[in-house]
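One structure is given here, and the rest of the page talks about it.
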Amino acid sequence: MERVSYSKITTAEGDWVRKAILSIVLAVSAVLSAQNAPVDIGVAVKTPFRFVAFGDTRFTNPQNTGASNAAVRQAMVKAIAGEHPAFISIGGDIVYNGYNANDWKVYDEETRLWKETGIPVYPALGNHDLHGDLRLALANYFARFPDLQKSWYYSVHAGNSLMLVLDSSEDETSGAQGEWLKQKFDTLSPDVSFVFVVLHHPPYTNSSNRDVLRGGGHSARAREKKLARWLEARQQHLHATIMVFSGHVHNYERHEHGGITYFVTGGGGAHPYHISRAADDPLRGFDVNYHYLLVEVKKDTVKVTMKRLEFIGDHPKWTAPDSVTIQAQRPASASGVSE
């Protein structure tokens, strides 16, 4: 495609282009100026506690079966409530289209049980949550999560743990977000035994953009690979243990690199992607892995259990084909920890 030369643009066309560019710049500036300083949320819970991590629910009209499976979403909501978690971490793509008020109404209706039982939800922004008019999409998003105080990225303290929720629509290791992330690790309290990093796009995945013949997929992007290298370098000199939870790939994976365990948990209802699996992978042979992760945090360990959903007729069947227990780097201090 030929590049447009400004020397070939007429005065009228040039005025139109300049006005269009200016309007875009002003719109983006308005959105960025609406962001507050990243909020630091405290959860009134002592160790041990449990939370649930999952993502890619894509709440939308139940008749839109190509985007998401409503029966899966609804079964997930009920089962997660039954775990009685301290909170729920959703790794993005909460709804199918962020600008669509009706998609968010479906979210409201289908997750009413969480609200009625008082379970807080701490989400990460996914690309679908930002679909369409950005200001409208963000207004819908922040209206559901007022505790975020319009923060695109933020932190959550719970017991002996710190959860850092990142915005993967921007580079995670540079700019304001990168400075914030560095500051969080530089000032990490000695009482923190575990750091959970949550973002939408995965640093590691066996999925591929080229796998279109088997339902599609997503390759890991360069900036998340850069984030992984940064985290693994920090892990070598950190008193706490880092774990990473991501989505975007509509399946389940567990990877270990540089002393960090990475979970891909994108099985919340969006149409599934195929994953090429090694012979010793407990999920080998299963293409569809709708699931959530139950994360049980204790004084010196975190146990992560993959709760897999399939339907036998109209009846949900739950299994736990994968589970891992991760040790703290060193014994935790007594502060905020109960036996």
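Chains: A, B, ... in order of the structure tokens. Residues: from 1 per chain. Ligands: from 1, in order shown.
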I need the residues in segment 35-273 of chain A that are alpha helix (DSSP H) according to DSSP; give them as an mmCIF file with C-alpha atoms, in the first residue's frame.
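result-v1.cif written:
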data_model
loop_
_atom_site.group_PDB
_atom_site.id
_atom_site.type_symbol
_atom_site.label_atom_id
_atom_site.label_comp_id
_atom_site.auth_asym_id
_atom_site.auth_seq_id
_atom_site.Cartn_x
_atom_site.Cartn_y
_atom_site.Cartn_z
ATOM 1 C CA ALA A 70 -23.967 -19.312 28.672
ATOM 2 C CA ALA A 71 -24.512 -22.693 30.369
ATOM 3 C CA VAL A 72 -20.799 -22.800 31.221
ATOM 4 C CA ARG A 73 -20.823 -19.236 32.553
ATOM 5 C CA GLN A 74 -23.819 -19.903 34.757
ATOM 6 C CA ALA A 75 -22.431 -23.180 36.104
ATOM 7 C CA MET A 76 -19.130 -21.420 36.838
ATOM 8 C CA VAL A 77 -20.803 -18.625 38.797
ATOM 9 C CA LYS A 78 -22.701 -21.098 40.974
ATOM 10 C CA ALA A 79 -19.702 -23.362 41.620
ATOM 11 C CA ILE A 80 -17.389 -20.434 42.409
ATOM 12 C CA ALA A 81 -19.863 -19.038 44.926
ATOM 13 C CA GLY A 82 -19.906 -22.472 46.546
ATOM 14 C CA ALA A 101 -24.574 -2.044 27.773
ATOM 15 C CA ASN A 102 -26.584 -5.213 27.161
ATOM 16 C CA ASP A 103 -23.505 -7.406 27.572
ATOM 17 C CA TRP A 104 -22.877 -5.778 30.948
ATOM 18 C CA LYS A 105 -26.523 -6.316 31.905
ATOM 19 C CA VAL A 106 -26.013 -10.030 31.227
ATOM 20 C CA TYR A 107 -22.957 -9.888 33.504
ATOM 21 C CA ASP A 108 -25.085 -8.213 36.195
ATOM 22 C CA GLU A 109 -27.838 -10.809 35.917
ATOM 23 C CA GLU A 110 -25.664 -13.916 35.704
ATOM 24 C CA ARG A 112 -26.041 -11.649 40.911
ATOM 25 C CA LEU A 113 -25.238 -14.541 43.266
ATOM 26 C CA TRP A 114 -21.741 -13.161 43.858
ATOM 27 C CA LYS A 115 -23.127 -9.768 44.744
ATOM 28 C CA GLU A 116 -25.807 -11.212 47.014
ATOM 29 C CA LEU A 134 -13.295 3.587 24.742
ATOM 30 C CA ARG A 135 -14.973 6.093 27.037
ATOM 31 C CA LEU A 136 -18.228 4.151 26.945
ATOM 32 C CA ALA A 137 -16.456 0.821 27.493
ATOM 33 C CA LEU A 138 -14.552 2.174 30.509
ATOM 34 C CA ALA A 139 -17.672 3.774 31.948
ATOM 35 C CA ASN A 140 -19.436 0.383 31.811
ATOM 36 C CA TYR A 141 -16.408 -1.349 33.347
ATOM 37 C CA PHE A 142 -15.776 1.030 36.241
ATOM 38 C CA ALA A 143 -19.497 1.253 37.048
ATOM 39 C CA ARG A 144 -19.341 -2.453 37.998
ATOM 40 C CA GLY A 175 6.002 4.167 31.272
ATOM 41 C CA ALA A 176 3.866 4.940 34.315
ATOM 42 C CA GLN A 177 2.778 1.316 34.746
ATOM 43 C CA GLY A 178 6.350 0.050 34.579
ATOM 44 C CA GLU A 179 7.479 2.590 37.172
ATOM 45 C CA TRP A 180 4.585 1.598 39.435
ATOM 46 C CA LEU A 181 5.412 -2.112 39.050
ATOM 47 C CA LYS A 182 9.069 -1.506 39.876
ATOM 48 C CA GLN A 183 8.105 0.567 42.918
ATOM 49 C CA LYS A 184 5.806 -2.191 44.174
ATOM 50 C CA PHE A 185 8.620 -4.742 44.081
ATOM 51 C CA ASP A 186 11.207 -2.330 45.472
ATOM 52 C CA ALA A 222 6.880 -9.668 22.783
ATOM 53 C CA ARG A 223 6.022 -7.319 25.644
ATOM 54 C CA GLU A 224 4.652 -10.108 27.865
ATOM 55 C CA LYS A 225 7.801 -12.126 27.141
ATOM 56 C CA LYS A 226 9.749 -9.062 28.264
ATOM 57 C CA LEU A 227 7.625 -8.895 31.425
ATOM 58 C CA ALA A 228 8.429 -12.557 32.139
ATOM 59 C CA ARG A 229 12.163 -11.922 31.827
ATOM 60 C CA TRP A 230 11.823 -8.932 34.161
ATOM 61 C CA LEU A 231 9.855 -10.911 36.754
ATOM 62 C CA GLU A 232 12.229 -13.875 36.610
ATOM 63 C CA ALA A 233 15.199 -11.586 37.197
ATOM 64 C CA ARG A 234 13.426 -10.067 40.222
ATOM 65 C CA GLN A 235 12.481 -13.510 41.546
#
Would you return as a CSV table (one decimal) with N, CA and C atoms, in the first residue's frame the members of segment 77-234 of chain A that DSSP assigns to strand (DSSP E) on this structure's backbone?
chain,number,residue,atom,x,y,z
A,88,ILE,N,-12.7,-12.9,44.0
A,88,ILE,CA,-12.6,-13.5,42.7
A,88,ILE,C,-11.7,-12.6,41.8
A,89,SER,N,-10.7,-13.2,41.1
A,89,SER,CA,-9.9,-12.5,40.2
A,89,SER,C,-10.3,-13.0,38.8
A,90,ILE,N,-10.7,-12.0,38.0
A,90,ILE,CA,-11.1,-12.3,36.6
A,90,ILE,C,-10.0,-11.7,35.7
A,121,VAL,N,-15.1,-8.8,43.4
A,121,VAL,CA,-14.4,-9.2,42.2
A,121,VAL,C,-13.4,-8.2,41.8
A,122,TYR,N,-12.2,-8.6,41.6
A,122,TYR,CA,-11.0,-7.8,41.2
A,122,TYR,C,-10.6,-8.2,39.8
A,123,PRO,N,-11.0,-7.4,38.8
A,123,PRO,CA,-10.7,-7.8,37.4
A,123,PRO,C,-9.4,-7.1,36.8
A,154,TYR,N,-3.7,-1.9,39.4
A,154,TYR,CA,-3.8,-1.6,40.9
A,154,TYR,C,-3.3,-2.8,41.7
A,155,SER,N,-3.3,-2.7,43.0
A,155,SER,CA,-2.8,-3.7,43.9
A,155,SER,C,-3.9,-4.1,44.9
A,156,VAL,N,-3.8,-5.3,45.4
A,156,VAL,CA,-4.7,-5.9,46.4
A,156,VAL,C,-3.9,-6.6,47.4
A,157,HIS,N,-4.0,-6.2,48.7
A,157,HIS,CA,-3.4,-6.8,49.8
A,157,HIS,C,-4.3,-7.8,50.5
A,158,ALA,N,-3.9,-9.0,50.7
A,158,ALA,CA,-4.8,-10.0,51.4
A,158,ALA,C,-3.9,-10.9,52.2
A,161,SER,N,-0.2,-11.9,51.3
A,161,SER,CA,0.0,-11.9,49.8
A,161,SER,C,-0.3,-10.5,49.3
A,162,LEU,N,0.3,-10.2,48.1
A,162,LEU,CA,0.0,-9.0,47.4
A,162,LEU,C,-0.3,-9.4,45.9
A,163,MET,N,-1.5,-8.9,45.4
A,163,MET,CA,-1.9,-9.2,44.1
A,163,MET,C,-1.7,-7.9,43.3
A,164,LEU,N,-0.9,-8.0,42.2
A,164,LEU,CA,-0.7,-6.9,41.3
A,164,LEU,C,-1.4,-7.1,40.0
A,165,VAL,N,-2.4,-6.3,39.7
A,165,VAL,CA,-3.3,-6.4,38.6
A,165,VAL,C,-2.8,-5.5,37.5
A,194,PHE,N,3.8,-14.1,49.2
A,194,PHE,CA,3.4,-14.5,47.8
A,194,PHE,C,3.0,-13.2,47.1
A,195,VAL,N,3.4,-13.1,45.8
A,195,VAL,CA,3.0,-12.0,44.9
A,195,VAL,C,2.3,-12.7,43.7
A,196,PHE,N,1.0,-12.3,43.6
A,196,PHE,CA,0.2,-12.8,42.4
A,196,PHE,C,0.2,-11.7,41.4
A,197,VAL,N,0.7,-12.0,40.2
A,197,VAL,CA,0.6,-11.0,39.1
A,197,VAL,C,-0.5,-11.5,38.2
A,198,VAL,N,-1.5,-10.6,37.9
A,198,VAL,CA,-2.6,-10.9,37.1
A,198,VAL,C,-2.7,-10.0,35.9
Neighbours of segment 306-309 of chain A within 7 Å (only C-alpha atoms; same-chain residues fewer than 2 positions away dropped), as a CSV table (one decimal) with C-alpha atoms, in the first residue's frame?
chain,number,residue,atom,x,y,z
A,289,ASN,CA,-11.2,-27.2,29.2
A,290,TYR,CA,-13.8,-24.9,30.7
A,291,HIS,CA,-12.5,-24.3,34.2
A,292,TYR,CA,-11.6,-22.0,37.1
A,293,LEU,CA,-8.7,-22.1,39.5
A,294,LEU,CA,-9.1,-22.5,43.3
A,304,VAL,CA,-3.7,-24.1,43.0
A,311,PHE,CA,-21.6,-31.4,30.8
A,316,PRO,CA,-22.4,-30.3,35.0
A,317,LYS,CA,-19.6,-32.6,36.0
A,318,TRP,CA,-16.6,-31.2,37.9
A,319,THR,CA,-13.2,-32.8,38.0
A,320,ALA,CA,-9.7,-31.7,39.2
A,321,PRO,CA,-7.2,-33.0,36.7
A,322,ASP,CA,-4.3,-30.7,37.7
A,323,SER,CA,-3.1,-29.3,41.0
Counting only C-alpha atoms, the residue among A:Leu283, A:Ile326, A:Leu148, A:Leu188 that lies closest to Tyr262 of chain A is A:Ile326
| said: Can you pull out the residues contacting Ile275 of chain A? Cut-off 9 Å, using only C-alpha atoms, and skip same-chain residues under 3 positions away; I want them as a PyMOL selection string. | reply: chain A and resi 205-208+217+251-253+284+286-287
Identify which of the residues A:Val39, A:Val95, A:Val295, A:Val45 lies closest to Ala270 of chain A, counting only C-alpha atoms when measuring atom-to-atom distances.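 Going through A:Val39, A:Val95, A:Val295, A:Val45 one by one, the smallest distance to Ala270 of chain A is for A:Val95.
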(request) Find the residue from A:Ile312, A:Val249, A:Tyr96, A:Glu170 that sits nearest to Pro272 of chain A; use only C-alpha atoms when measuring. (result)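 Smallest distance to Pro272 of chain A is found for A:Val249.
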### Message
Here is a test: counting only C-alpha atoms, which residue of A:Ile94, A:Ile242, A:Ile260, A:Val52 is nearest to Val192 of chain A?
### Response
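Counting only C-alpha atoms, the residue closest to Val192 of chain A is A:Ile242.
One finds atom CA of Leu125 of chain A at 18.7 Å from atom CA of Phe51 of chain A.
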Using only C-alpha atoms, the residue out of A:Ala328, A:Ile41, A:Leu199, A:Leu166 with shortest distance to Leu238 of chain A is A:Ala328
